[in-house]
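Q: I'm passing along my_file27.cif; it holds mmCIF, C-alpha atoms.
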```cif
data_protein
#
loop_
_atom_site.label_atom_id
_atom_site.label_comp_id
_atom_site.auth_asym_id
_atom_site.auth_seq_id
_atom_site.Cartn_x
_atom_site.Cartn_y
_atom_site.Cartn_z
CA MET A 1 30.49 178.56 90.75
CA ASP A 2 27.40 180.72 90.87
CA LYS A 3 24.72 179.46 88.49
CA LYS A 4 22.72 182.34 87.00
CA LYS A 5 18.94 181.95 87.18
CA THR A 6 17.21 181.90 83.80
CA PHE A 7 14.17 184.06 83.10
CA PHE A 8 10.87 182.71 84.54
CA GLU A 9 12.46 179.86 86.44
CA LYS A 10 11.06 178.76 89.81
CA PRO A 11 11.05 180.41 92.32
CA TYR A 12 9.51 183.27 90.40
CA ASP A 13 10.90 186.73 91.00
CA LEU A 14 8.53 189.62 91.69
CA LYS A 15 10.17 191.53 88.84
CA ASP A 16 9.48 188.68 86.39
CA VAL A 17 5.83 188.45 87.40
CA SER A 18 5.30 192.22 87.22
CA ILE A 19 6.83 192.39 83.74
CA LEU A 20 4.57 189.56 82.54
CA PHE A 21 1.52 191.19 84.15
CA GLY A 22 2.37 194.51 82.51
CA ILE A 23 2.70 192.93 79.07
CA ILE A 24 -0.65 191.14 79.42
CA ALA A 25 -2.35 194.31 80.69
CA ILE A 26 -1.08 196.37 77.74
CA VAL A 27 -2.20 193.72 75.23
CA LEU A 28 -5.66 193.49 76.81
CA LEU A 29 -6.06 197.28 76.79
CA MET A 30 -5.05 197.51 73.12
CA THR A 31 -7.45 194.73 72.07
CA ALA A 32 -10.29 196.28 74.09
CA LEU A 33 -9.81 199.68 72.45
CA LEU A 34 -9.49 198.17 68.97
CA GLY A 35 -12.54 195.95 69.46
CA ASN A 36 -14.60 198.86 70.75
CA ASN A 37 -13.68 201.00 67.74
CA LEU A 38 -14.42 198.20 65.29
CA PHE A 39 -17.80 197.50 66.91
CA GLY A 40 -18.66 201.20 66.69
CA ILE A 41 -17.92 201.21 62.96
CA PHE A 42 -19.99 198.01 62.59
CA GLN A 43 -22.97 199.62 64.39
CA GLU A 44 -22.82 202.74 62.23
CA ASN A 45 -22.80 200.77 58.98
CA ILE A 46 -25.68 198.39 59.81
CA ASN A 47 -29.14 199.62 60.71
CA PHE A 48 -30.47 197.18 63.31
CA GLY A 49 -33.97 198.74 63.19
CA ASN A 50 -34.62 197.29 59.74
CA ILE A 51 -33.70 193.73 60.68
#
```
Could you write out this structure as C-alpha coordinates?

A:
Amino acid sequence: MDKKKTFFEKPYDLKDVSILFGIIAIVLLMTALLGNNLFGIFQENINFGNI
(Lines of atoms letter the chains of each structure in order from A and count residues from 1; the text may use other names and numbers.)
(Lines give C-alpha, C1' and ligand atoms only; values in the text may rest on other atoms or scores of the structure.)
Protein backbone atom coordinates (compact mmCIF):
# COMPACT_ATOMS: atom_id res chain seq x y z
CA MET A 1 0.00 0.00 0.00
CA ASP A 2 1.06 3.56 -0.67
CA LYS A 3 1.80 5.44 2.55
CA LYS A 4 0.82 9.11 2.27
CA LYS A 5 3.48 11.58 3.39
CA THR A 6 2.45 13.79 6.29
CA PHE A 7 2.95 17.55 6.18
CA PHE A 8 6.54 18.72 6.89
CA GLU A 9 8.03 15.25 6.97
CA LYS A 10 11.54 14.61 5.64
CA PRO A 11 12.41 14.91 2.78
CA TYR A 12 10.88 18.35 2.70
CA ASP A 13 8.84 19.30 -0.33
CA LEU A 14 9.48 22.61 -2.07
CA LYS A 15 5.78 23.42 -1.71
CA ASP A 16 5.93 22.88 2.07
CA VAL A 17 8.97 25.12 2.45
CA SER A 18 7.51 27.88 0.28
CA ILE A 19 4.25 27.87 2.26
CA LEU A 20 6.17 28.14 5.54
CA PHE A 21 8.39 30.91 4.14
CA GLY A 22 5.32 32.81 2.93
CA ILE A 23 3.63 32.59 6.33
CA ILE A 24 6.76 33.83 8.11
CA ALA A 25 7.23 36.67 5.60
CA ILE A 26 3.63 37.86 6.05
CA VAL A 27 3.92 37.77 9.85
CA LEU A 28 7.21 39.71 9.77
CA LEU A 29 5.75 42.34 7.44
CA MET A 30 2.68 42.81 9.65
CA THR A 31 4.77 43.16 12.83
CA ALA A 32 7.15 45.61 11.13
CA LEU A 33 4.28 47.83 9.97
CA LEU A 34 2.54 47.67 13.35
CA GLY A 35 5.77 48.39 15.24
CA ASN A 36 6.58 51.32 12.97
CA ASN A 37 3.12 52.84 13.50
CA LEU A 38 3.28 52.37 17.26
CA PHE A 39 6.76 53.94 17.44
CA GLY A 40 5.50 56.92 15.42
CA ILE A 41 2.66 57.46 17.89
CA PHE A 42 5.15 57.11 20.77
CA GLN A 43 7.46 59.76 19.23
CA GLU A 44 4.59 62.20 18.71
CA ASN A 45 3.40 61.92 22.30
CA ILE A 46 6.80 62.32 24.01
CA ASN A 47 9.00 65.34 23.48
CA PHE A 48 12.57 64.06 23.55
CA GLY A 49 14.00 67.61 23.54
CA ASN A 50 12.87 68.20 27.12
CA ILE A 51 14.47 65.06 28.51

Q: Report, in Å with one decimal, the straight-line distance from atom CA of Leu33 of chain A to atom CA of Ile19 of chain A.

A: 21.4 Å

Q: Return as AutoDock Vina command-line options the box centre and box size in Å, one decimal, for an axis-aligned box around all listed atoms of segment 24-32 of chain A padded by 4 Å per side.

A:
```
--center_x -5.5 --center_y 194.3 --center_z 76.4 --size_x 17.6 --size_y 14.4 --size_z 16.6
```

Q: To one decimal place, how far is atom CA of Leu38 of chain A from atom CA of Gly22 of chain A in Å?

A: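 According to the coordinates, atom CA of Leu38 of chain A and atom CA of Gly22 of chain A are separated by 24.3 Å.
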
Q: Quick one: pull the distance between atom CA of Met30 of chain A and atom CA of Thr6 of chain A, Å, one decimal.

A: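 So the answer is 29.2 Å.
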